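What's in structure02.cif: mmCIF, N, CA and C atoms
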```cif
data_final
loop_
_atom_site.group_PDB
_atom_site.id
_atom_site.type_symbol
_atom_site.label_atom_id
_atom_site.label_comp_id
_atom_site.auth_asym_id
_atom_site.auth_seq_id
_atom_site.Cartn_x
_atom_site.Cartn_y
_atom_site.Cartn_z
ATOM 1 N N MET A 597 9.625 -2.257 10.122
ATOM 2 C CA MET A 597 9.141 -0.888 10.106
ATOM 3 C C MET A 597 7.887 -0.805 10.978
ATOM 4 N N ASN A 598 7.857 0.121 11.903
ATOM 5 C CA ASN A 598 6.693 0.300 12.760
ATOM 6 C C ASN A 598 5.680 1.197 12.087
ATOM 7 N N VAL A 599 4.419 0.826 12.239
ATOM 8 C CA VAL A 599 3.334 1.636 11.703
ATOM 9 C C VAL A 599 2.809 2.499 12.836
ATOM 10 N N PRO A 600 2.767 3.805 12.653
ATOM 11 C CA PRO A 600 2.271 4.664 13.712
ATOM 12 C C PRO A 600 0.788 4.411 13.948
ATOM 13 N N ASN A 601 0.347 4.597 15.175
ATOM 14 C CA ASN A 601 -1.067 4.470 15.486
ATOM 15 C C ASN A 601 -1.774 5.698 14.949
ATOM 16 N N ILE A 602 -2.597 5.495 13.951
ATOM 17 C CA ILE A 602 -3.252 6.629 13.299
ATOM 18 C C ILE A 602 -4.749 6.621 13.524
ATOM 19 N N SER A 603 -5.225 5.790 14.457
ATOM 20 C CA SER A 603 -6.660 5.624 14.620
ATOM 21 C C SER A 603 -7.380 6.903 15.052
ATOM 22 N N SER A 604 -6.700 7.822 15.749
ATOM 23 C CA SER A 604 -7.377 9.038 16.183
ATOM 24 C C SER A 604 -7.686 9.943 14.996
ATOM 25 N N ASN A 605 -6.701 10.281 14.202
ATOM 26 C CA ASN A 605 -6.921 11.041 12.978
ATOM 27 C C ASN A 605 -5.678 10.908 12.109
ATOM 28 N N PRO A 606 -5.748 10.062 11.069
ATOM 29 C CA PRO A 606 -4.570 9.817 10.244
ATOM 30 C C PRO A 606 -4.116 11.025 9.439
ATOM 31 N N PHE A 607 -4.897 12.089 9.402
ATOM 32 C CA PHE A 607 -4.548 13.268 8.623
ATOM 33 C C PHE A 607 -4.128 14.441 9.508
ATOM 34 N N GLY A 608 -3.680 14.139 10.739
ATOM 35 C CA GLY A 608 -3.214 15.185 11.636
ATOM 36 C C GLY A 608 -4.356 16.032 12.166
ATOM 37 N N ASP A 609 -4.176 17.348 12.133
ATOM 38 C CA ASP A 609 -5.189 18.262 12.655
ATOM 39 C C ASP A 609 -6.295 18.567 11.653
ATOM 40 N N THR A 610 -6.141 18.081 10.435
ATOM 41 C CA THR A 610 -7.135 18.338 9.400
ATOM 42 C C THR A 610 -8.393 17.521 9.665
ATOM 43 N N GLU A 611 -9.536 18.171 9.621
ATOM 44 C CA GLU A 611 -10.814 17.480 9.780
ATOM 45 C C GLU A 611 -11.103 16.690 8.508
ATOM 46 N N VAL A 612 -11.445 15.425 8.670
ATOM 47 C CA VAL A 612 -11.673 14.551 7.520
ATOM 48 C C VAL A 612 -13.107 14.061 7.529
ATOM 49 N N ASP A 613 -13.750 14.200 6.388
ATOM 50 C CA ASP A 613 -15.080 13.647 6.201
ATOM 51 C C ASP A 613 -14.940 12.378 5.389
ATOM 52 N N TYR A 614 -15.182 11.247 6.027
ATOM 53 C CA TYR A 614 -15.113 9.962 5.330
ATOM 54 C C TYR A 614 -16.419 9.737 4.605
ATOM 55 N N PRO A 615 -16.375 9.037 3.482
ATOM 56 C CA PRO A 615 -15.236 8.411 2.828
ATOM 57 C C PRO A 615 -14.307 9.437 2.179
ATOM 58 N N VAL A 616 -13.014 9.048 2.038
ATOM 59 C CA VAL A 616 -12.018 9.922 1.441
ATOM 60 C C VAL A 616 -11.142 9.092 0.495
ATOM 61 N N LYS A 617 -10.807 9.664 -0.646
ATOM 62 C CA LYS A 617 -9.927 9.001 -1.606
ATOM 63 C C LYS A 617 -8.479 9.268 -1.212
ATOM 64 N N VAL A 618 -7.690 8.186 -1.099
ATOM 65 C CA VAL A 618 -6.304 8.299 -0.643
ATOM 66 C C VAL A 618 -5.379 7.720 -1.708
ATOM 67 N N ALA A 619 -4.343 8.484 -2.063
ATOM 68 C CA ALA A 619 -3.320 8.000 -3.000
ATOM 69 C C ALA A 619 -2.290 7.203 -2.210
ATOM 70 N N MET A 620 -1.935 6.041 -2.717
ATOM 71 C CA MET A 620 -0.988 5.153 -2.041
ATOM 72 C C MET A 620 0.186 4.874 -2.977
ATOM 73 N N LYS A 621 1.347 4.605 -2.391
ATOM 74 C CA LYS A 621 2.501 4.130 -3.151
ATOM 75 C C LYS A 621 3.149 3.022 -2.332
ATOM 76 N N VAL A 622 3.303 1.864 -2.972
ATOM 77 C CA VAL A 622 3.908 0.709 -2.324
ATOM 78 C C VAL A 622 5.165 0.357 -3.109
ATOM 79 N N ILE A 623 6.309 0.426 -2.456
ATOM 80 C CA ILE A 623 7.575 0.088 -3.105
ATOM 81 C C ILE A 623 7.948 -1.325 -2.669
ATOM 82 N N THR A 624 8.129 -2.193 -3.676
ATOM 83 C CA THR A 624 8.400 -3.602 -3.416
ATOM 84 C C THR A 624 9.768 -3.983 -3.948
ATOM 85 N N PHE A 625 10.283 -5.106 -3.465
ATOM 86 C CA PHE A 625 11.528 -5.645 -3.987
ATOM 87 C C PHE A 625 11.259 -6.219 -5.375
ATOM 88 N N SER A 626 12.217 -6.069 -6.274
ATOM 89 C CA SER A 626 12.047 -6.634 -7.619
ATOM 90 C C SER A 626 12.529 -8.064 -7.633
ATOM 91 N N ARG A 627 12.410 -8.693 -8.763
ATOM 92 C CA ARG A 627 12.786 -10.086 -8.909
ATOM 93 C C ARG A 627 14.291 -10.290 -8.757
ATOM 94 N N GLY A 628 15.088 -9.244 -8.935
ATOM 95 C CA GLY A 628 16.536 -9.363 -8.832
ATOM 96 C C GLY A 628 17.011 -9.787 -7.453
ATOM 97 N N ARG A 629 16.169 -9.656 -6.470
ATOM 98 C CA ARG A 629 16.525 -10.030 -5.101
ATOM 99 C C ARG A 629 16.282 -11.528 -4.916
ATOM 100 N N ARG A 630 17.246 -12.200 -4.292
ATOM 101 C CA ARG A 630 17.051 -13.623 -4.024
ATOM 102 C C ARG A 630 15.776 -13.827 -3.233
ATOM 103 N N SER A 631 15.030 -14.820 -3.578
ATOM 104 C CA SER A 631 13.773 -15.199 -2.940
ATOM 105 C C SER A 631 12.649 -14.188 -3.168
ATOM 106 N N ALA A 632 12.901 -13.164 -3.957
ATOM 107 C CA ALA A 632 11.827 -12.211 -4.245
ATOM 108 C C ALA A 632 10.913 -12.791 -5.310
ATOM 109 N N PRO A 633 9.606 -12.651 -5.120
ATOM 110 C CA PRO A 633 8.682 -13.145 -6.133
ATOM 111 C C PRO A 633 8.700 -12.245 -7.362
ATOM 112 N N SER A 634 8.011 -12.676 -8.396
ATOM 113 C CA SER A 634 7.926 -11.838 -9.590
ATOM 114 C C SER A 634 7.112 -10.594 -9.261
ATOM 115 N N THR A 635 7.249 -9.572 -10.088
ATOM 116 C CA THR A 635 6.509 -8.341 -9.826
ATOM 117 C C THR A 635 5.003 -8.577 -9.945
ATOM 118 N N ASP A 636 4.587 -9.545 -10.772
ATOM 119 C CA ASP A 636 3.163 -9.874 -10.846
ATOM 120 C C ASP A 636 2.682 -10.418 -9.503
ATOM 121 N N ASP A 637 3.527 -11.224 -8.845
ATOM 122 C CA ASP A 637 3.190 -11.740 -7.520
ATOM 123 C C ASP A 637 3.124 -10.606 -6.500
ATOM 124 N N ASN A 638 3.995 -9.615 -6.637
ATOM 125 C CA ASN A 638 3.974 -8.464 -5.727
ATOM 126 C C ASN A 638 2.638 -7.735 -5.835
ATOM 127 N N LYS A 639 2.208 -7.475 -7.055
ATOM 128 C CA LYS A 639 0.934 -6.785 -7.251
ATOM 129 C C LYS A 639 -0.209 -7.647 -6.740
ATOM 130 N N SER A 640 -0.142 -8.936 -6.966
ATOM 131 C CA SER A 640 -1.187 -9.845 -6.482
ATOM 132 C C SER A 640 -1.269 -9.819 -4.958
ATOM 133 N N ALA A 641 -0.126 -9.737 -4.284
ATOM 134 C CA ALA A 641 -0.113 -9.666 -2.824
ATOM 135 C C ALA A 641 -0.806 -8.390 -2.340
ATOM 136 N N ILE A 642 -0.528 -7.278 -3.017
ATOM 137 C CA ILE A 642 -1.169 -5.998 -2.675
ATOM 138 C C ILE A 642 -2.668 -6.105 -2.914
ATOM 139 N N GLU A 643 -3.050 -6.656 -4.055
ATOM 140 C CA GLU A 643 -4.470 -6.800 -4.380
ATOM 141 C C GLU A 643 -5.178 -7.716 -3.382
ATOM 142 N N GLY A 644 -4.452 -8.722 -2.865
ATOM 143 C CA GLY A 644 -5.033 -9.607 -1.856
ATOM 144 C C GLY A 644 -5.413 -8.859 -0.594
ATOM 145 N N VAL A 645 -4.550 -7.953 -0.162
ATOM 146 C CA VAL A 645 -4.850 -7.130 1.016
ATOM 147 C C VAL A 645 -6.061 -6.250 0.741
ATOM 148 N N LEU A 646 -6.091 -5.638 -0.425
ATOM 149 C CA LEU A 646 -7.225 -4.775 -0.776
ATOM 150 C C LEU A 646 -8.527 -5.567 -0.802
ATOM 151 N N GLU A 647 -8.457 -6.788 -1.301
ATOM 152 C CA GLU A 647 -9.650 -7.637 -1.365
ATOM 153 C C GLU A 647 -10.144 -7.987 0.040
ATOM 154 N N ILE A 648 -9.233 -8.335 0.931
ATOM 155 C CA ILE A 648 -9.610 -8.651 2.312
ATOM 156 C C ILE A 648 -10.341 -7.475 2.948
ATOM 157 N N LEU A 649 -9.864 -6.269 2.690
ATOM 158 C CA LEU A 649 -10.470 -5.064 3.270
ATOM 159 C C LEU A 649 -11.633 -4.527 2.425
ATOM 160 N N GLN A 650 -11.954 -5.234 1.359
ATOM 161 C CA GLN A 650 -13.042 -4.862 0.444
ATOM 162 C C GLN A 650 -12.853 -3.456 -0.112
ATOM 163 N N LEU A 651 -11.606 -3.190 -0.533
ATOM 164 C CA LEU A 651 -11.262 -1.909 -1.146
ATOM 165 C C LEU A 651 -10.961 -2.130 -2.620
ATOM 166 N N LYS A 652 -11.403 -1.205 -3.444
ATOM 167 C CA LYS A 652 -11.129 -1.273 -4.867
ATOM 168 C C LYS A 652 -10.122 -0.187 -5.217
ATOM 169 N N ALA A 653 -8.995 -0.608 -5.786
ATOM 170 C CA ALA A 653 -7.959 0.343 -6.195
ATOM 171 C C ALA A 653 -8.213 0.791 -7.627
ATOM 172 N N VAL A 654 -7.935 2.050 -7.882
ATOM 173 C CA VAL A 654 -8.062 2.612 -9.230
ATOM 174 C C VAL A 654 -6.772 3.342 -9.573
ATOM 175 N N ASP A 655 -6.612 3.635 -10.837
ATOM 176 C CA ASP A 655 -5.463 4.417 -11.336
ATOM 177 C C ASP A 655 -4.123 3.751 -11.021
ATOM 178 N N TRP A 656 -4.033 2.448 -11.244
ATOM 179 C CA TRP A 656 -2.785 1.716 -10.997
ATOM 180 C C TRP A 656 -1.667 2.222 -11.905
ATOM 181 N N LYS A 657 -0.487 2.404 -11.332
ATOM 182 C CA LYS A 657 0.716 2.722 -12.102
ATOM 183 C C LYS A 657 1.843 1.877 -11.544
ATOM 184 N N LYS A 658 2.709 1.407 -12.430
ATOM 185 C CA LYS A 658 3.848 0.582 -12.027
ATOM 186 C C LYS A 658 5.104 1.229 -12.582
ATOM 187 N N LYS A 659 6.172 1.272 -11.747
ATOM 188 C CA LYS A 659 7.429 1.870 -12.194
ATOM 189 C C LYS A 659 8.590 1.108 -11.577
ATOM 190 N N ASN A 660 9.553 0.743 -12.415
ATOM 191 C CA ASN A 660 10.775 0.104 -11.943
ATOM 192 C C ASN A 660 11.781 1.162 -11.543
ATOM 193 N N SER A 661 12.581 0.882 -10.519
ATOM 194 C CA SER A 661 13.657 1.796 -10.151
ATOM 195 C C SER A 661 14.729 1.746 -11.231
ATOM 196 N N ASN A 662 15.583 2.758 -11.272
ATOM 197 C CA ASN A 662 16.628 2.818 -12.305
ATOM 198 C C ASN A 662 17.524 1.586 -12.293
ATOM 199 N N ALA A 663 17.875 1.114 -11.114
ATOM 200 C CA ALA A 663 18.739 -0.059 -11.005
ATOM 201 C C ALA A 663 17.929 -1.360 -11.040
ATOM 202 N N GLU A 664 16.622 -1.234 -11.187
ATOM 203 C CA GLU A 664 15.700 -2.373 -11.227
ATOM 204 C C GLU A 664 15.766 -3.232 -9.970
ATOM 205 N N LYS A 665 16.087 -2.595 -8.861
ATOM 206 C CA LYS A 665 16.118 -3.291 -7.580
ATOM 207 C C LYS A 665 14.732 -3.284 -6.928
ATOM 208 N N TYR A 666 13.942 -2.268 -7.254
ATOM 209 C CA TYR A 666 12.609 -2.100 -6.670
ATOM 210 C C TYR A 666 11.578 -1.838 -7.762
ATOM 211 N N VAL A 667 10.329 -2.122 -7.412
ATOM 212 C CA VAL A 667 9.193 -1.809 -8.279
ATOM 213 C C VAL A 667 8.170 -1.089 -7.417
ATOM 214 N N SER A 668 7.707 0.064 -7.884
ATOM 215 C CA SER A 668 6.700 0.782 -7.111
ATOM 216 C C SER A 668 5.347 0.680 -7.803
ATOM 217 N N TYR A 669 4.328 0.582 -6.983
ATOM 218 C CA TYR A 669 2.943 0.553 -7.448
ATOM 219 C C TYR A 669 2.227 1.730 -6.816
ATOM 220 N N SER A 670 1.607 2.544 -7.644
ATOM 221 C CA SER A 670 0.809 3.670 -7.165
ATOM 222 C C SER A 670 -0.641 3.390 -7.530
ATOM 223 N N PHE A 671 -1.541 3.762 -6.626
ATOM 224 C CA PHE A 671 -2.970 3.569 -6.870
ATOM 225 C C PHE A 671 -3.727 4.441 -5.881
ATOM 226 N N ALA A 672 -5.020 4.528 -6.072
ATOM 227 C CA ALA A 672 -5.879 5.285 -5.156
ATOM 228 C C ALA A 672 -6.983 4.361 -4.651
ATOM 229 N N VAL A 673 -7.348 4.543 -3.392
ATOM 230 C CA VAL A 673 -8.444 3.786 -2.788
ATOM 231 C C VAL A 673 -9.346 4.747 -2.028
ATOM 232 N N THR A 674 -10.598 4.385 -1.920
ATOM 233 C CA THR A 674 -11.535 5.174 -1.125
ATOM 234 C C THR A 674 -11.660 4.520 0.244
ATOM 235 N N ILE A 675 -11.268 5.262 1.267
ATOM 236 C CA ILE A 675 -11.275 4.788 2.646
ATOM 237 C C ILE A 675 -12.574 5.241 3.302
ATOM 238 N N LEU A 676 -13.242 4.301 3.970
ATOM 239 C CA LEU A 676 -14.534 4.598 4.572
ATOM 240 C C LEU A 676 -14.434 5.141 5.999
ATOM 241 N N TYR A 677 -13.369 4.750 6.727
ATOM 242 C CA TYR A 677 -13.203 5.203 8.111
ATOM 243 C C TYR A 677 -11.733 5.051 8.502
ATOM 244 N N ALA A 678 -11.317 5.765 9.535
ATOM 245 C CA ALA A 678 -9.897 5.849 9.925
ATOM 246 C C ALA A 678 -9.302 4.486 10.245
ATOM 247 N N GLU A 679 -10.039 3.626 10.924
ATOM 248 C CA GLU A 679 -9.519 2.310 11.289
ATOM 249 C C GLU A 679 -9.217 1.463 10.055
ATOM 250 N N GLN A 680 -9.983 1.667 9.000
ATOM 251 C CA GLN A 680 -9.745 0.941 7.750
ATOM 252 C C GLN A 680 -8.403 1.360 7.145
ATOM 253 N N LEU A 681 -8.089 2.638 7.214
ATOM 254 C CA LEU A 681 -6.801 3.120 6.716
ATOM 255 C C LEU A 681 -5.658 2.548 7.548
ATOM 256 N N GLU A 682 -5.828 2.522 8.853
ATOM 257 C CA GLU A 682 -4.816 1.962 9.739
ATOM 258 C C GLU A 682 -4.584 0.480 9.426
ATOM 259 N N LEU A 683 -5.656 -0.274 9.226
ATOM 260 C CA LEU A 683 -5.547 -1.690 8.871
ATOM 261 C C LEU A 683 -4.842 -1.877 7.540
ATOM 262 N N LEU A 684 -5.161 -1.027 6.568
ATOM 263 C CA LEU A 684 -4.541 -1.115 5.256
ATOM 264 C C LEU A 684 -3.032 -0.938 5.368
ATOM 265 N N TYR A 685 -2.593 0.084 6.090
ATOM 266 C CA TYR A 685 -1.159 0.322 6.267
ATOM 267 C C TYR A 685 -0.489 -0.851 6.971
ATOM 268 N N LYS A 686 -1.121 -1.356 8.020
ATOM 269 C CA LYS A 686 -0.536 -2.465 8.767
ATOM 270 C C LYS A 686 -0.423 -3.712 7.904
ATOM 271 N N MET A 687 -1.480 -4.058 7.201
ATOM 272 C CA MET A 687 -1.478 -5.280 6.395
ATOM 273 C C MET A 687 -0.494 -5.187 5.233
ATOM 274 N N LEU A 688 -0.401 -4.032 4.590
ATOM 275 C CA LEU A 688 0.562 -3.875 3.496
ATOM 276 C C LEU A 688 1.991 -3.930 4.035
ATOM 277 N N ASN A 689 2.232 -3.294 5.173
ATOM 278 C CA ASN A 689 3.570 -3.315 5.784
ATOM 279 C C ASN A 689 3.994 -4.722 6.190
ATOM 280 N N ASP A 690 3.037 -5.556 6.505
ATOM 281 C CA ASP A 690 3.331 -6.925 6.929
ATOM 282 C C ASP A 690 3.709 -7.837 5.764
ATOM 283 N N LEU A 691 3.506 -7.403 4.530
ATOM 284 C CA LEU A 691 3.882 -8.221 3.371
ATOM 285 C C LEU A 691 5.389 -8.275 3.245
ATOM 286 N N ASP A 692 5.942 -9.452 3.016
ATOM 287 C CA ASP A 692 7.396 -9.625 2.874
ATOM 288 C C ASP A 692 7.965 -8.856 1.687
ATOM 289 N N VAL A 693 7.161 -8.648 0.663
ATOM 290 C CA VAL A 693 7.653 -8.013 -0.562
ATOM 291 C C VAL A 693 7.744 -6.490 -0.442
ATOM 292 N N VAL A 694 7.164 -5.915 0.604
ATOM 293 C CA VAL A 694 7.106 -4.457 0.720
ATOM 294 C C VAL A 694 8.361 -3.914 1.388
ATOM 295 N N LYS A 695 8.980 -2.951 0.703
ATOM 296 C CA LYS A 695 10.148 -2.241 1.233
ATOM 297 C C LYS A 695 9.720 -0.966 1.936
ATOM 298 N N ILE A 696 8.907 -0.133 1.251
ATOM 299 C CA ILE A 696 8.460 1.160 1.780
ATOM 300 C C ILE A 696 7.008 1.354 1.393
ATOM 301 N N LEU A 697 6.269 1.961 2.296
ATOM 302 C CA LEU A 697 4.854 2.251 2.054
ATOM 303 C C LEU A 697 4.629 3.741 2.284
ATOM 304 N N LEU A 698 4.105 4.414 1.273
ATOM 305 C CA LEU A 698 3.834 5.857 1.383
ATOM 306 C C LEU A 698 2.366 6.120 1.180
#
```
Will you turn the file into structure tokens for me?
Amino acid sequence: MNVPNISSNPFGDTEVDYPVKVAMKVITFSRGRRSAPSTDDNKSAIEGVLEILQLKAVDWKKKNSNAEKYVSYSFAVTILYAEQLELLYKMLNDLDVVKILL
């Protein structure tokens, strides 16, 4: 999956005053997939990226898909500048466990 270059303004034509709180949703593969780590490992991988970028996530929510093929994690982070948001998207997308990033 290609990550669009969002460094100019990730919010389109809307003027953004940083820092800004951003809601994120990361959909990961569940354990039912061969070679997929446990869902705890999936969350740990996400938290590792946040730690590298020195971001603190709040309001964590976890939800399994109906067929239990995927697990989604929702959370909010405060982004300090546009490049930080771009890095966050790129690093999360680069994780093997991530299916979709919203």
Exercise for the section: Carefully work through the PyMOL selection byres ((chain A and resi 657-672) around 8) for this structure and note down the residues it includes, as a PyMOL selection string. Expected result: chain A and resi 617-629+635+639+651-656+673-675
Just write the chosen residues, N, CA and C atoms, as a CSV table (one decimal), in the frame of the given file.
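What landed in again-v8.csv:
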```csv
chain,number,residue,atom,x,y,z
A,617,LYS,N,-10.8,9.7,-0.6
A,617,LYS,CA,-9.9,9.0,-1.6
A,617,LYS,C,-8.5,9.3,-1.2
A,618,VAL,N,-7.7,8.2,-1.1
A,618,VAL,CA,-6.3,8.3,-0.6
A,618,VAL,C,-5.4,7.7,-1.7
A,619,ALA,N,-4.3,8.5,-2.1
A,619,ALA,CA,-3.3,8.0,-3.0
A,619,ALA,C,-2.3,7.2,-2.2
A,620,MET,N,-1.9,6.0,-2.7
A,620,MET,CA,-1.0,5.2,-2.0
A,620,MET,C,0.2,4.9,-3.0
A,621,LYS,N,1.3,4.6,-2.4
A,621,LYS,CA,2.5,4.1,-3.2
A,621,LYS,C,3.1,3.0,-2.3
A,622,VAL,N,3.3,1.9,-3.0
A,622,VAL,CA,3.9,0.7,-2.3
A,622,VAL,C,5.2,0.4,-3.1
A,623,ILE,N,6.3,0.4,-2.5
A,623,ILE,CA,7.6,0.1,-3.1
A,623,ILE,C,7.9,-1.3,-2.7
A,624,THR,N,8.1,-2.2,-3.7
A,624,THR,CA,8.4,-3.6,-3.4
A,624,THR,C,9.8,-4.0,-3.9
A,625,PHE,N,10.3,-5.1,-3.5
A,625,PHE,CA,11.5,-5.6,-4.0
A,625,PHE,C,11.3,-6.2,-5.4
A,626,SER,N,12.2,-6.1,-6.3
A,626,SER,CA,12.0,-6.6,-7.6
A,626,SER,C,12.5,-8.1,-7.6
A,627,ARG,N,12.4,-8.7,-8.8
A,627,ARG,CA,12.8,-10.1,-8.9
A,627,ARG,C,14.3,-10.3,-8.8
A,628,GLY,N,15.1,-9.2,-8.9
A,628,GLY,CA,16.5,-9.4,-8.8
A,628,GLY,C,17.0,-9.8,-7.5
A,629,ARG,N,16.2,-9.7,-6.5
A,629,ARG,CA,16.5,-10.0,-5.1
A,629,ARG,C,16.3,-11.5,-4.9
A,635,THR,N,7.2,-9.6,-10.1
A,635,THR,CA,6.5,-8.3,-9.8
A,635,THR,C,5.0,-8.6,-9.9
A,639,LYS,N,2.2,-7.5,-7.1
A,639,LYS,CA,0.9,-6.8,-7.3
A,639,LYS,C,-0.2,-7.6,-6.7
A,651,LEU,N,-11.6,-3.2,-0.5
A,651,LEU,CA,-11.3,-1.9,-1.1
A,651,LEU,C,-11.0,-2.1,-2.6
A,652,LYS,N,-11.4,-1.2,-3.4
A,652,LYS,CA,-11.1,-1.3,-4.9
A,652,LYS,C,-10.1,-0.2,-5.2
A,653,ALA,N,-9.0,-0.6,-5.8
A,653,ALA,CA,-8.0,0.3,-6.2
A,653,ALA,C,-8.2,0.8,-7.6
A,654,VAL,N,-7.9,2.0,-7.9
A,654,VAL,CA,-8.1,2.6,-9.2
A,654,VAL,C,-6.8,3.3,-9.6
A,655,ASP,N,-6.6,3.6,-10.8
A,655,ASP,CA,-5.5,4.4,-11.3
A,655,ASP,C,-4.1,3.8,-11.0
A,656,TRP,N,-4.0,2.4,-11.2
A,656,TRP,CA,-2.8,1.7,-11.0
A,656,TRP,C,-1.7,2.2,-11.9
A,673,VAL,N,-7.3,4.5,-3.4
A,673,VAL,CA,-8.4,3.8,-2.8
A,673,VAL,C,-9.3,4.7,-2.0
A,674,THR,N,-10.6,4.4,-1.9
A,674,THR,CA,-11.5,5.2,-1.1
A,674,THR,C,-11.7,4.5,0.2
A,675,ILE,N,-11.3,5.3,1.3
A,675,ILE,CA,-11.3,4.8,2.6
A,675,ILE,C,-12.6,5.2,3.3
```
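Relative to atom C of Val645 of chain A, atom C of Leu691 of chain A is found at 11.9 Å.
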Practice task
Tell me, in Å to one decimal, how far atom N of Glu679 of chain A is from atom CA of Pro615 of chain A.
Solution key: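 Atom CA of Pro615 of chain A lies 10.7 Å from atom N of Glu679 of chain A.
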Problem - Atom-to-atom span, atom CA of Lys695 of chain A and atom C of Ile642 of chain A, Å - result: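 Atom-to-atom, atom CA of Lys695 of chain A to atom C of Ile642 of chain A, that is 14.0 Å.
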